[in-house]
>>> print(open('final_25.pdb').read())   # PDB, C-alpha atoms, pLDDT in the B column
ATOM      1  CA  MET Q   1      36.437-248.552   5.775  1.00 45.00           C
ATOM      2  CA  LYS Q   2      36.484-247.694   9.451  1.00 50.00           C
ATOM      3  CA  ASN Q   3      34.283-244.689   8.712  1.00 52.00           C
ATOM      4  CA  ARG Q   4      31.699-246.753   6.919  1.00 53.00           C
ATOM      5  CA  LEU Q   5      31.455-249.170   9.853  1.00 49.00           C
ATOM      6  CA  GLU Q   6      31.009-246.312  12.313  1.00 57.00           C
ATOM      7  CA  LEU Q   7      28.308-244.656  10.215  1.00 55.00           C
ATOM      8  CA  SER Q   8      26.431-247.925   9.756  1.00 58.00           C
ATOM      9  CA  LYS Q   9      25.523-247.728  13.453  1.00 61.00           C
ATOM     10  CA  TYR Q  10      23.117-244.913  12.615  1.00 66.00           C
ATOM     11  CA  LYS Q  11      19.913-246.276  11.130  1.00 70.00           C
ATOM     12  CA  PHE Q  12      17.507-244.111   9.155  1.00 70.00           C
ATOM     13  CA  GLN Q  13      14.595-243.680  11.534  1.00 74.00           C
ATOM     14  CA  GLY Q  14      12.359-241.241   9.658  1.00 77.00           C
ATOM     15  CA  GLY Q  15      10.462-238.505  11.482  1.00 86.00           C
ATOM     16  CA  PHE Q  16       9.958-234.861  10.494  1.00 91.00           C
ATOM     17  CA  GLU Q  17      13.479-233.621  11.310  1.00 90.00           C
ATOM     18  CA  THR Q  18      15.185-236.488   9.479  1.00 89.00           C
ATOM     19  CA  TRP Q  19      13.063-235.818   6.406  1.00 91.00           C
ATOM     20  CA  ALA Q  20      13.792-232.082   6.707  1.00 93.00           C
ATOM     21  CA  TRP Q  21      17.516-232.861   6.779  1.00 93.00           C
ATOM     22  CA  PHE Q  22      17.126-235.158   3.776  1.00 92.00           C
ATOM     23  CA  PHE Q  23      14.989-232.609   1.900  1.00 94.00           C
ATOM     24  CA  MET Q  24      17.738-229.976   2.316  1.00 95.00           C
ATOM     25  CA  ARG Q  25      20.202-232.296   0.511  1.00 95.00           C
ATOM     26  CA  ILE Q  26      17.819-233.205  -2.313  1.00 95.00           C
ATOM     27  CA  SER Q  27      16.509-229.663  -2.855  1.00 96.00           C
ATOM     28  CA  GLY Q  28      20.083-228.370  -2.589  1.00 95.00           C
ATOM     29  CA  VAL Q  29      21.119-230.455  -5.608  1.00 95.00           C
ATOM     30  CA  VAL Q  30      17.952-229.469  -7.522  1.00 96.00           C
ATOM     31  CA  LEU Q  31      18.562-225.776  -6.756  1.00 95.00           C
ATOM     32  CA  LEU Q  32      22.232-226.033  -7.729  1.00 94.00           C
ATOM     33  CA  LEU Q  33      20.857-226.753 -11.208  1.00 93.00           C
ATOM     34  CA  ILE Q  34      17.701-224.634 -11.510  1.00 94.00           C
ATOM     35  CA  ALA Q  35      18.643-221.602  -9.374  1.00 93.00           C
ATOM     36  CA  VAL Q  36      22.121-221.268 -10.891  1.00 90.00           C
ATOM     37  CA  VAL Q  37      20.694-221.664 -14.421  1.00 91.00           C
ATOM     38  CA  HIS Q  38      18.048-219.006 -13.604  1.00 92.00           C
ATOM     39  CA  LEU Q  39      20.821-216.669 -12.429  1.00 88.00           C
ATOM     40  CA  LEU Q  40      22.907-217.397 -15.527  1.00 86.00           C
ATOM     41  CA  ILE Q  41      19.988-216.694 -17.888  1.00 87.00           C
ATOM     42  CA  MET Q  42      18.976-213.458 -16.159  1.00 85.00           C
ATOM     43  CA  HIS Q  43      22.435-212.010 -15.476  1.00 83.00           C
ATOM     44  CA  VAL Q  44      24.629-213.304 -18.279  1.00 82.00           C
ATOM     45  CA  PHE Q  45      22.421-214.221 -21.255  1.00 83.00           C
ATOM     46  CA  ILE Q  46      19.551-211.696 -21.021  1.00 82.00           C
ATOM     47  CA  ARG Q  47      21.358-209.285 -18.629  1.00 79.00           C
ATOM     48  CA  VAL Q  48      19.500-207.329 -16.026  1.00 78.00           C
ATOM     49  CA  GLU Q  49      19.476-204.003 -17.923  1.00 78.00           C
ATOM     50  CA  ASN Q  50      17.557-205.687 -20.793  1.00 80.00           C
ATOM     51  CA  ILE Q  51      14.816-207.183 -18.624  1.00 83.00           C
ATOM     52  CA  GLN Q  52      11.532-205.439 -19.409  1.00 83.00           C
ATOM     53  CA  TYR Q  53       7.869-206.173 -18.765  1.00 85.00           C
ATOM     54  CA  GLU Q  54       7.791-207.957 -22.161  1.00 83.00           C
ATOM     55  CA  THR Q  55      10.708-210.209 -21.215  1.00 84.00           C
ATOM     56  CA  VAL Q  56       8.673-211.718 -18.392  1.00 84.00           C
ATOM     57  CA  ALA Q  57       5.316-211.576 -20.238  1.00 84.00           C
ATOM     58  CA  ASP Q  58       6.696-213.343 -23.347  1.00 84.00           C
ATOM     59  CA  ARG Q  59       8.380-215.992 -21.265  1.00 87.00           C
ATOM     60  CA  TRP Q  60       5.144-216.927 -19.499  1.00 86.00           C
ATOM     61  CA  THR Q  61       2.691-216.531 -22.392  1.00 87.00           C
ATOM     62  CA  GLY Q  62       4.827-217.531 -25.421  1.00 84.00           C
ATOM     63  CA  ALA Q  63       5.101-220.958 -27.045  1.00 85.00           C
ATOM     64  CA  TRP Q  64       7.361-222.148 -24.222  1.00 87.00           C
ATOM     65  CA  GLY Q  65       5.030-220.627 -21.582  1.00 86.00           C
ATOM     66  CA  PRO Q  66       3.977-223.910 -19.945  1.00 88.00           C
ATOM     67  CA  PHE Q  67       7.631-224.965 -19.667  1.00 92.00           C
ATOM     68  CA  TRP Q  68       8.721-221.689 -18.019  1.00 91.00           C
ATOM     69  CA  LYS Q  69       5.693-221.623 -15.721  1.00 91.00           C
ATOM     70  CA  THR Q  70       6.556-225.140 -14.551  1.00 93.00           C
ATOM     71  CA  TYR Q  71      10.220-224.134 -14.182  1.00 94.00           C
ATOM     72  CA  ASP Q  72       9.321-221.044 -12.137  1.00 93.00           C
ATOM     73  CA  ILE Q  73       6.860-222.944  -9.925  1.00 95.00           C
ATOM     74  CA  ALA Q  74       9.559-225.546  -9.204  1.00 95.00           C
ATOM     75  CA  LEU Q  75      12.039-222.768  -8.434  1.00 95.00           C
ATOM     76  CA  LEU Q  76       9.500-221.034  -6.163  1.00 96.00           C
ATOM     77  CA  ILE Q  77       8.627-224.131  -4.144  1.00 96.00           C
ATOM     78  CA  PHE Q  78      12.132-225.604  -3.858  1.00 97.00           C
ATOM     79  CA  ALA Q  79      13.889-222.304  -3.095  1.00 96.00           C
ATOM     80  CA  LEU Q  80      11.339-221.028  -0.561  1.00 96.00           C
ATOM     81  CA  THR Q  81      11.010-224.349   1.260  1.00 97.00           C
ATOM     82  CA  HIS Q  82      14.803-224.762   1.372  1.00 97.00           C
ATOM     83  CA  GLY Q  83      15.302-221.149   2.473  1.00 97.00           C
ATOM     84  CA  PHE Q  84      12.648-221.059   5.167  1.00 97.00           C
ATOM     85  CA  ASN Q  85      13.647-224.434   6.591  1.00 97.00           C
ATOM     86  CA  GLY Q  86      17.165-222.985   6.795  1.00 97.00           C
ATOM     87  CA  LEU Q  87      15.857-219.925   8.651  1.00 97.00           C
ATOM     88  CA  ARG Q  88      13.949-222.253  11.009  1.00 96.00           C
ATOM     89  CA  TRP Q  89      17.257-224.020  11.809  1.00 96.00           C
ATOM     90  CA  VAL Q  90      18.911-220.642  12.432  1.00 94.00           C
ATOM     91  CA  VAL Q  91      16.128-219.725  14.900  1.00 94.00           C
ATOM     92  CA  ASP Q  92      16.561-223.083  16.676  1.00 93.00           C
ATOM     93  CA  ASP Q  93      20.337-222.551  16.897  1.00 90.00           C
ATOM     94  CA  TYR Q  94      20.331-219.066  18.397  1.00 89.00           C
ATOM     95  CA  ILE Q  95      16.923-218.380  19.984  1.00 89.00           C
ATOM     96  CA  HIS Q  96      16.656-220.581  23.060  1.00 89.00           C
ATOM     97  CA  ARG Q  97      13.831-218.859  24.958  1.00 90.00           C
ATOM     98  CA  ALA Q  98      10.791-221.086  24.317  1.00 93.00           C
ATOM     99  CA  GLY Q  99       8.330-218.233  23.770  1.00 94.00           C
ATOM    100  CA  TRP Q 100      10.493-216.315  21.283  1.00 94.00           C
ATOM    101  CA  ASN Q 101      11.526-219.537  19.546  1.00 95.00           C
ATOM    102  CA  ALA Q 102       7.902-220.564  18.966  1.00 96.00           C
ATOM    103  CA  PHE Q 103       6.851-217.026  17.992  1.00 97.00           C
ATOM    104  CA  LEU Q 104       9.603-216.597  15.396  1.00 96.00           C
ATOM    105  CA  LYS Q 105       9.017-220.024  13.872  1.00 97.00           C
ATOM    106  CA  ALA Q 106       5.271-219.338  13.644  1.00 97.00           C
ATOM    107  CA  LEU Q 107       6.098-215.989  11.996  1.00 97.00           C
ATOM    108  CA  LEU Q 108       8.402-217.746   9.495  1.00 97.00           C
ATOM    109  CA  LEU Q 109       5.627-220.216   8.663  1.00 97.00           C
ATOM    110  CA  VAL Q 110       3.118-217.395   8.054  1.00 98.00           C
ATOM    111  CA  ILE Q 111       5.568-215.488   5.820  1.00 97.00           C
ATOM    112  CA  TYR Q 112       6.491-218.717   3.980  1.00 97.00           C
ATOM    113  CA  LEU Q 113       2.851-219.584   3.200  1.00 97.00           C
ATOM    114  CA  THR Q 114       1.966-216.001   2.231  1.00 97.00           C
ATOM    115  CA  VAL Q 115       4.940-215.571  -0.093  1.00 96.00           C
ATOM    116  CA  ILE Q 116       4.472-218.983  -1.735  1.00 96.00           C
ATOM    117  CA  ALA Q 117       0.792-218.140  -2.351  1.00 96.00           C
ATOM    118  CA  MET Q 118       1.726-214.737  -3.835  1.00 95.00           C
ATOM    119  CA  GLY Q 119       4.346-216.311  -6.095  1.00 94.00           C
ATOM    120  CA  ALA Q 120       2.062-219.107  -7.279  1.00 94.00           C
ATOM    121  CA  TYR Q 121      -0.758-216.608  -7.887  1.00 93.00           C
ATOM    122  CA  THR Q 122       1.578-214.437 -10.002  1.00 91.00           C
ATOM    123  CA  ILE Q 123       2.789-217.366 -12.112  1.00 91.00           C
ATOM    124  CA  PHE Q 124      -0.616-219.049 -12.616  1.00 89.00           C
ATOM    125  CA  SER Q 125      -2.914-216.090 -13.134  1.00 85.00           C
ATOM    126  CA  PHE Q 126      -0.652-213.851 -15.237  1.00 80.00           C
ATOM    127  CA  THR Q 127      -2.108-213.056 -18.660  1.00 77.00           C
ATOM    128  CA  ALA Q 128      -0.319-210.491 -20.820  1.00 64.00           C
TER
ATOM    129  CA  MET Z   1      18.526-210.524  23.720  1.00 67.00           C
ATOM    130  CA  GLY Z   2      21.650-211.168  25.822  1.00 72.00           C
ATOM    131  CA  ASN Z   3      21.073-214.899  25.388  1.00 73.00           C
ATOM    132  CA  VAL Z   4      20.840-214.547  21.633  1.00 73.00           C
ATOM    133  CA  ILE Z   5      24.065-212.539  21.476  1.00 75.00           C
ATOM    134  CA  SER Z   6      25.943-215.028  23.675  1.00 77.00           C
ATOM    135  CA  ALA Z   7      24.641-218.007  21.624  1.00 72.00           C
ATOM    136  CA  PHE Z   8      25.717-216.221  18.455  1.00 70.00           C
ATOM    137  CA  TRP Z   9      29.109-215.262  19.906  1.00 74.00           C
ATOM    138  CA  LYS Z  10      29.759-218.861  21.009  1.00 73.00           C
ATOM    139  CA  GLY Z  11      28.929-219.954  17.467  1.00 71.00           C
ATOM    140  CA  ILE Z  12      31.503-217.547  16.039  1.00 70.00           C
ATOM    141  CA  GLN Z  13      34.262-218.512  18.515  1.00 70.00           C
ATOM    142  CA  TYR Z  14      33.860-222.280  18.064  1.00 70.00           C
ATOM    143  CA  LYS Z  15      37.093-224.070  17.003  1.00 69.00           C
ATOM    144  CA  GLY Z  16      37.849-222.088  13.822  1.00 68.00           C
ATOM    145  CA  GLY Z  17      39.536-223.704  10.821  1.00 73.00           C
ATOM    146  CA  PRO Z  18      38.225-224.109   7.240  1.00 75.00           C
ATOM    147  CA  GLY Z  19      35.165-226.230   8.137  1.00 78.00           C
ATOM    148  CA  HIS Z  20      34.006-223.670  10.677  1.00 85.00           C
ATOM    149  CA  TYR Z  21      34.525-220.659   8.400  1.00 87.00           C
ATOM    150  CA  ALA Z  22      32.766-222.580   5.612  1.00 90.00           C
ATOM    151  CA  PHE Z  23      29.831-223.062   7.985  1.00 90.00           C
ATOM    152  CA  ILE Z  24      29.666-219.376   9.051  1.00 91.00           C
ATOM    153  CA  LEU Z  25      29.760-218.216   5.428  1.00 93.00           C
ATOM    154  CA  HIS Z  26      27.177-220.850   4.448  1.00 95.00           C
ATOM    155  CA  ARG Z  27      24.851-219.465   7.130  1.00 95.00           C
ATOM    156  CA  LEU Z  28      25.334-215.808   6.230  1.00 95.00           C
ATOM    157  CA  THR Z  29      24.910-216.397   2.496  1.00 96.00           C
ATOM    158  CA  GLY Z  30      21.868-218.619   3.164  1.00 96.00           C
ATOM    159  CA  ILE Z  31      20.139-215.942   5.276  1.00 96.00           C
ATOM    160  CA  GLY Z  32      20.971-213.292   2.675  1.00 96.00           C
ATOM    161  CA  VAL Z  33      19.610-215.327  -0.240  1.00 96.00           C
ATOM    162  CA  ALA Z  34      16.426-216.232   1.703  1.00 96.00           C
ATOM    163  CA  LEU Z  35      15.772-212.535   2.402  1.00 95.00           C
ATOM    164  CA  PHE Z  36      16.340-211.581  -1.227  1.00 94.00           C
ATOM    165  CA  LEU Z  37      14.135-214.457  -2.364  1.00 95.00           C
ATOM    166  CA  THR Z  38      11.234-213.077  -0.307  1.00 96.00           C
ATOM    167  CA  LEU Z  39      11.810-209.594  -1.729  1.00 94.00           C
ATOM    168  CA  HIS Z  40      12.096-211.051  -5.239  1.00 93.00           C
ATOM    169  CA  ILE Z  41       8.678-212.731  -5.063  1.00 94.00           C
ATOM    170  CA  LEU Z  42       7.136-209.504  -3.773  1.00 93.00           C
ATOM    171  CA  ASP Z  43       8.694-207.508  -6.658  1.00 91.00           C
ATOM    172  CA  ASN Z  44       7.427-210.075  -9.177  1.00 89.00           C
ATOM    173  CA  PHE Z  45       3.946-209.813  -7.669  1.00 92.00           C
ATOM    174  CA  VAL Z  46       3.881-206.167  -8.826  1.00 91.00           C
ATOM    175  CA  ILE Z  47       3.473-207.451 -12.425  1.00 88.00           C
ATOM    176  CA  MET Z  48      -0.161-208.143 -11.476  1.00 88.00           C
ATOM    177  CA  PHE Z  49      -0.648-204.354 -11.158  1.00 88.00           C
ATOM    178  CA  GLY Z  50       0.215-203.836 -14.807  1.00 85.00           C
ATOM    179  CA  LYS Z  51       3.103-202.879 -17.042  1.00 86.00           C
ATOM    180  CA  GLU Z  52       3.846-199.399 -15.705  1.00 88.00           C
ATOM    181  CA  ALA Z  53       4.050-200.437 -12.060  1.00 89.00           C
ATOM    182  CA  PHE Z  54       6.294-203.382 -12.961  1.00 87.00           C
ATOM    183  CA  GLN Z  55       8.616-201.272 -15.121  1.00 89.00           C
ATOM    184  CA  GLU Z  56       9.068-198.916 -12.181  1.00 88.00           C
ATOM    185  CA  VAL Z  57      10.167-201.803  -9.954  1.00 88.00           C
ATOM    186  CA  LEU Z  58      12.572-203.071 -12.637  1.00 86.00           C
ATOM    187  CA  HIS Z  59      13.972-199.554 -12.821  1.00 86.00           C
ATOM    188  CA  LEU Z  60      14.918-199.732  -9.124  1.00 85.00           C
ATOM    189  CA  TYR Z  61      17.175-202.729  -9.841  1.00 82.00           C
ATOM    190  CA  ALA Z  62      19.122-200.789 -12.485  1.00 80.00           C
ATOM    191  CA  ASN Z  63      20.476-198.431  -9.792  1.00 83.00           C
ATOM    192  CA  PRO Z  64      24.296-198.717  -9.233  1.00 85.00           C
ATOM    193  CA  VAL Z  65      23.852-199.493  -5.521  1.00 89.00           C
ATOM    194  CA  MET Z  66      21.457-202.324  -6.388  1.00 88.00           C
ATOM    195  CA  ARG Z  67      23.973-203.577  -8.947  1.00 87.00           C
ATOM    196  CA  LEU Z  68      26.606-203.868  -6.244  1.00 89.00           C
ATOM    197  CA  LEU Z  69      24.146-205.739  -4.022  1.00 91.00           C
ATOM    198  CA  GLU Z  70      23.424-208.018  -6.991  1.00 90.00           C
ATOM    199  CA  VAL Z  71      27.088-209.006  -7.120  1.00 91.00           C
ATOM    200  CA  PHE Z  72      26.838-209.959  -3.430  1.00 93.00           C
ATOM    201  CA  LEU Z  73      23.700-211.938  -4.235  1.00 93.00           C
ATOM    202  CA  ILE Z  74      25.365-213.790  -7.104  1.00 93.00           C
ATOM    203  CA  PHE Z  75      28.388-214.577  -4.939  1.00 95.00           C
ATOM    204  CA  SER Z  76      26.073-215.792  -2.144  1.00 96.00           C
ATOM    205  CA  VAL Z  77      24.073-218.114  -4.403  1.00 95.00           C
ATOM    206  CA  ILE Z  78      27.181-219.574  -6.065  1.00 95.00           C
ATOM    207  CA  TYR Z  79      29.065-220.015  -2.780  1.00 96.00           C
ATOM    208  CA  HIS Z  80      26.028-221.526  -1.035  1.00 97.00           C
ATOM    209  CA  ALA Z  81      25.437-223.895  -3.975  1.00 96.00           C
ATOM    210  CA  PHE Z  82      28.991-225.232  -4.236  1.00 95.00           C
ATOM    211  CA  ASN Z  83      29.747-225.299  -0.518  1.00 95.00           C
ATOM    212  CA  GLY Z  84      26.383-227.080  -0.113  1.00 95.00           C
ATOM    213  CA  LEU Z  85      27.564-229.649  -2.635  1.00 94.00           C
ATOM    214  CA  ARG Z  86      30.709-230.127  -0.518  1.00 92.00           C
ATOM    215  CA  VAL Z  87      28.516-230.691   2.565  1.00 92.00           C
ATOM    216  CA  ILE Z  88      26.416-233.264   0.687  1.00 92.00           C
ATOM    217  CA  ILE Z  89      29.507-235.123  -0.569  1.00 90.00           C
ATOM    218  CA  VAL Z  90      30.970-235.292   2.943  1.00 87.00           C
ATOM    219  CA  ASP Z  91      27.568-236.384   4.358  1.00 85.00           C
ATOM    220  CA  PHE Z  92      26.937-239.244   1.958  1.00 84.00           C
ATOM    221  CA  TRP Z  93      30.428-240.431   1.119  1.00 82.00           C
ATOM    222  CA  ALA Z  94      32.284-241.024   4.379  1.00 74.00           C
ATOM    223  CA  PRO Z  95      35.849-241.359   2.942  1.00 78.00           C
ATOM    224  CA  SER Z  96      35.580-237.782   1.600  1.00 75.00           C
ATOM    225  CA  SER Z  97      35.593-236.406   5.166  1.00 72.00           C
ATOM    226  CA  HIS Z  98      39.385-236.942   5.035  1.00 77.00           C
ATOM    227  CA  VAL Z  99      39.695-234.543   2.103  1.00 82.00           C
ATOM    228  CA  GLN Z 100      37.130-231.948   3.211  1.00 77.00           C
ATOM    229  CA  ARG Z 101      39.860-229.255   3.389  1.00 81.00           C
ATOM    230  CA  THR Z 102      40.815-229.989  -0.226  1.00 87.00           C
ATOM    231  CA  LEU Z 103      37.141-229.864  -1.161  1.00 88.00           C
ATOM    232  CA  TRP Z 104      36.876-226.438   0.538  1.00 89.00           C
ATOM    233  CA  ILE Z 105      39.732-225.150  -1.655  1.00 91.00           C
ATOM    234  CA  LEU Z 106      38.004-226.653  -4.709  1.00 93.00           C
ATOM    235  CA  VAL Z 107      34.836-224.742  -3.767  1.00 94.00           C
ATOM    236  CA  TRP Z 108      36.788-221.458  -4.014  1.00 96.00           C
ATOM    237  CA  ILE Z 109      38.398-222.505  -7.305  1.00 96.00           C
ATOM    238  CA  VAL Z 110      34.868-222.774  -8.743  1.00 95.00           C
ATOM    239  CA  VAL Z 111      33.255-219.855  -6.879  1.00 95.00           C
ATOM    240  CA  ILE Z 112      35.836-217.109  -7.548  1.00 96.00           C
ATOM    241  CA  PRO Z 113      35.898-217.269 -11.389  1.00 95.00           C
ATOM    242  CA  LEU Z 114      32.103-217.675 -11.643  1.00 92.00           C
ATOM    243  CA  THR Z 115      31.567-214.681  -9.331  1.00 92.00           C
ATOM    244  CA  LEU Z 116      34.064-212.556 -11.285  1.00 92.00           C
ATOM    245  CA  ILE Z 117      32.382-213.372 -14.605  1.00 89.00           C
ATOM    246  CA  ALA Z 118      28.913-212.550 -13.233  1.00 86.00           C
ATOM    247  CA  ALA Z 119      30.294-209.391 -11.549  1.00 88.00           C
ATOM    248  CA  TRP Z 120      31.699-208.210 -14.874  1.00 88.00           C
ATOM    249  CA  PHE Z 121      28.336-208.614 -16.620  1.00 86.00           C
ATOM    250  CA  THR Z 122      26.501-206.949 -13.726  1.00 85.00           C
ATOM    251  CA  LEU Z 123      28.821-203.984 -13.087  1.00 86.00           C
ATOM    252  CA  ALA Z 124      30.189-203.141 -16.544  1.00 83.00           C
ATOM    253  CA  PRO Z 125      27.099-201.143 -17.668  1.00 79.00           C
ATOM    254  CA  ILE Z 126      27.538-198.735 -14.719  1.00 79.00           C
ATOM    255  CA  PHE Z 127      30.899-197.677 -16.139  1.00 79.00           C
ATOM    256  CA  GLY Z 128      29.570-197.579 -19.667  1.00 75.00           C
ATOM    257  CA  LEU Z 129      31.635-200.632 -20.580  1.00 71.00           C
ATOM    258  CA  ARG Z 130      30.627-203.656 -22.650  1.00 60.00           C
TER
END
>>> encode(input="final_25.pdb", output="structure tokens")
Amino acid sequence: MKNRLELSKYKFQGGFETWAWFFMRISGVVLLLIAVVHLLIMHVFIRVENIQYETVADRWTGAWGPFWKTYDIALLIFALTHGFNGLRWVVDDYIHRAGWNAFLKALLLVIYLTVIAMGAYTIFSFTA
Amino acid sequence: MGNVISAFWKGIQYKGGPGHYAFILHRLTGIGVALFLTLHILDNFVIMFGKEAFQEVLHLYANPVMRLLEVFLIFSVIYHAFNGLRVIIVDFWAPSSHVQRTLWILVWIVVIPLTLIAAWFTLAPIFGLR
């Protein structure tokens, strides 16, 4: 009980960093489901040595195509946003020189946007 | 550069104990998975260049060295997922902070068997097994 009273002193105030912290928890739970299931399908059920061009093509263009495209888009956005926000925190923890800190975070943002665009382009515009 | 190294070194030397080692491993596995994720989206992008180009990329992943790295990847994802769950539980349910060491042991009880199972499926073909 003591703990709960102590924690109740801290009110949720919003702001970018609070939402980033909150997003990491929410996306973490989502990824625990969808990233681990993705890994299980690819490594245990299909197995890496059996993955061919057709495996991916059929998944995206078959009867369940819309489902898998939605699944992969969700995986792309949640995993990349979670991962790059994590990298941003790592930069803030270890790179204290203002110039380098800003440069590296800007670089992360550019890579994040580029990679998310490439991934979304692949998923949306793929036709077998 | 010296500043970065000293900040990093301070981070490693801080208190120690299960919570601290859990944190260091969470960081390392997180960075590793984020790097692979970027590579993984680039390799998938190759499918836009047609079947032959994509098959060649897939072929790279069949290499024994890549297989070993895959086991590291699988371990990293599973550890990061379940240790992350521990962090969330401790964050949102204050009484659990008293049992965070027990939770850390529970994380390993889940992570080790799952990693071993995935490692078997990933490595067995190299030795002609399965």
>>> interface_residues(input="final_25.pdb", of="chain Q", to="chain Z", cutoff="8 Å", atoms="only C-alpha atoms", output="PDB file with C-alpha atoms, keeping the file's coordinate frame")
ATOM      1  CA  MET Q   1      36.437-248.552   5.775  1.00 45.00           C
ATOM      2  CA  ASN Q   3      34.283-244.689   8.712  1.00 52.00           C
ATOM      3  CA  ARG Q   4      31.699-246.753   6.919  1.00 53.00           C
ATOM      4  CA  LEU Q   7      28.308-244.656  10.215  1.00 55.00           C
ATOM      5  CA  ARG Q  25      20.202-232.296   0.511  1.00 95.00           C
ATOM      6  CA  GLY Q  28      20.083-228.370  -2.589  1.00 95.00           C
ATOM      7  CA  VAL Q  29      21.119-230.455  -5.608  1.00 95.00           C
ATOM      8  CA  LEU Q  31      18.562-225.776  -6.756  1.00 95.00           C
ATOM      9  CA  LEU Q  32      22.232-226.033  -7.729  1.00 94.00           C
ATOM     10  CA  VAL Q  36      22.121-221.268 -10.891  1.00 90.00           C
ATOM     11  CA  LEU Q  39      20.821-216.669 -12.429  1.00 88.00           C
ATOM     12  CA  HIS Q  43      22.435-212.010 -15.476  1.00 83.00           C
ATOM     13  CA  VAL Q  44      24.629-213.304 -18.279  1.00 82.00           C
ATOM     14  CA  ARG Q  47      21.358-209.285 -18.629  1.00 79.00           C
ATOM     15  CA  VAL Q  48      19.500-207.329 -16.026  1.00 78.00           C
ATOM     16  CA  GLU Q  49      19.476-204.003 -17.923  1.00 78.00           C
ATOM     17  CA  ILE Q  51      14.816-207.183 -18.624  1.00 83.00           C
ATOM     18  CA  GLN Q  52      11.532-205.439 -19.409  1.00 83.00           C
ATOM     19  CA  TYR Q  53       7.869-206.173 -18.765  1.00 85.00           C
ATOM     20  CA  ALA Q  79      13.889-222.304  -3.095  1.00 96.00           C
ATOM     21  CA  LEU Q  80      11.339-221.028  -0.561  1.00 96.00           C
ATOM     22  CA  GLY Q  83      15.302-221.149   2.473  1.00 97.00           C
ATOM     23  CA  PHE Q  84      12.648-221.059   5.167  1.00 97.00           C
ATOM     24  CA  GLY Q  86      17.165-222.985   6.795  1.00 97.00           C
ATOM     25  CA  LEU Q  87      15.857-219.925   8.651  1.00 97.00           C
ATOM     26  CA  ASP Q  93      20.337-222.551  16.897  1.00 90.00           C
ATOM     27  CA  TYR Q  94      20.331-219.066  18.397  1.00 89.00           C
ATOM     28  CA  ILE Q  95      16.923-218.380  19.984  1.00 89.00           C
ATOM     29  CA  HIS Q  96      16.656-220.581  23.060  1.00 89.00           C
ATOM     30  CA  VAL Q 115       4.940-215.571  -0.093  1.00 96.00           C
ATOM     31  CA  MET Q 118       1.726-214.737  -3.835  1.00 95.00           C
ATOM     32  CA  GLY Q 119       4.346-216.311  -6.095  1.00 94.00           C
ATOM     33  CA  THR Q 122       1.578-214.437 -10.002  1.00 91.00           C
ATOM     34  CA  PHE Q 126      -0.652-213.851 -15.237  1.00 80.00           C
TER      35      PHE Q 126
END
>>> closest_residue(input="final_25.pdb", among="Z:Thr115, Z:Met66, Z:Phe49, Z:Phe75", to="Leu28 (chain Z)", atoms="all atoms listed in the file")
Z:Phe75
>>> residues_near_point(input="final_25.pdb", point="(6.6, -222.5, 10.7)", cutoff="12 Å", atoms="only C-alpha atoms", output="PyMOL selection string")
chain Q and resi 81+84-89+91-92+101-114
>>> write_last_selection(input="final_25.pdb", atoms="C-alpha atoms", output="PDB file, keeping the file's coordinate frame")
ATOM      1  CA  THR Q  81      11.010-224.349   1.260  1.00 97.00           C
ATOM      2  CA  PHE Q  84      12.648-221.059   5.167  1.00 97.00           C
ATOM      3  CA  ASN Q  85      13.647-224.434   6.591  1.00 97.00           C
ATOM      4  CA  GLY Q  86      17.165-222.985   6.795  1.00 97.00           C
ATOM      5  CA  LEU Q  87      15.857-219.925   8.651  1.00 97.00           C
ATOM      6  CA  ARG Q  88      13.949-222.253  11.009  1.00 96.00           C
ATOM      7  CA  TRP Q  89      17.257-224.020  11.809  1.00 96.00           C
ATOM      8  CA  VAL Q  91      16.128-219.725  14.900  1.00 94.00           C
ATOM      9  CA  ASP Q  92      16.561-223.083  16.676  1.00 93.00           C
ATOM     10  CA  ASN Q 101      11.526-219.537  19.546  1.00 95.00           C
ATOM     11  CA  ALA Q 102       7.902-220.564  18.966  1.00 96.00           C
ATOM     12  CA  PHE Q 103       6.851-217.026  17.992  1.00 97.00           C
ATOM     13  CA  LEU Q 104       9.603-216.597  15.396  1.00 96.00           C
ATOM     14  CA  LYS Q 105       9.017-220.024  13.872  1.00 97.00           C
ATOM     15  CA  ALA Q 106       5.271-219.338  13.644  1.00 97.00           C
ATOM     16  CA  LEU Q 107       6.098-215.989  11.996  1.00 97.00           C
ATOM     17  CA  LEU Q 108       8.402-217.746   9.495  1.00 97.00           C
ATOM     18  CA  LEU Q 109       5.627-220.216   8.663  1.00 97.00           C
ATOM     19  CA  VAL Q 110       3.118-217.395   8.054  1.00 98.00           C
ATOM     20  CA  ILE Q 111       5.568-215.488   5.820  1.00 97.00           C
ATOM     21  CA  TYR Q 112       6.491-218.717   3.980  1.00 97.00           C
ATOM     22  CA  LEU Q 113       2.851-219.584   3.200  1.00 97.00           C
ATOM     23  CA  THR Q 114       1.966-216.001   2.231  1.00 97.00           C
TER      24      THR Q 114
END
>>> atom_distance(input="final_25.pdb", atom1="CA of Trp108 (chain Z)", atom2="CA of Tyr79 (chain Z)")
8.0 Å
>>> atom_distance(input="final_25.pdb", atom1="CA of Thr55 (chain Q)", atom2="CA of Leu68 (chain Z)")
22.7 Å
>>> residues_around(input="final_25.pdb", residues="Gln100 (chain Z)", least_positions_apart="3", cutoff="9 Å", atoms="all atoms listed in the file", output="MDAnalysis selection string")
chainID Z and resid 18:19 86:87 90 96:97 103:105
>>> write_last_selection(input="final_25.pdb", atoms="C-alpha atoms", output="CSV table (one decimal), keeping the file's coordinate frame")
chain,number,residue,atom,x,y,z
Z,18,PRO,CA,38.2,-224.1,7.2
Z,19,GLY,CA,35.2,-226.2,8.1
Z,86,ARG,CA,30.7,-230.1,-0.5
Z,87,VAL,CA,28.5,-230.7,2.6
Z,90,VAL,CA,31.0,-235.3,2.9
Z,96,SER,CA,35.6,-237.8,1.6
Z,97,SER,CA,35.6,-236.4,5.2
Z,103,LEU,CA,37.1,-229.9,-1.2
Z,104,TRP,CA,36.9,-226.4,0.5
Z,105,ILE,CA,39.7,-225.2,-1.7
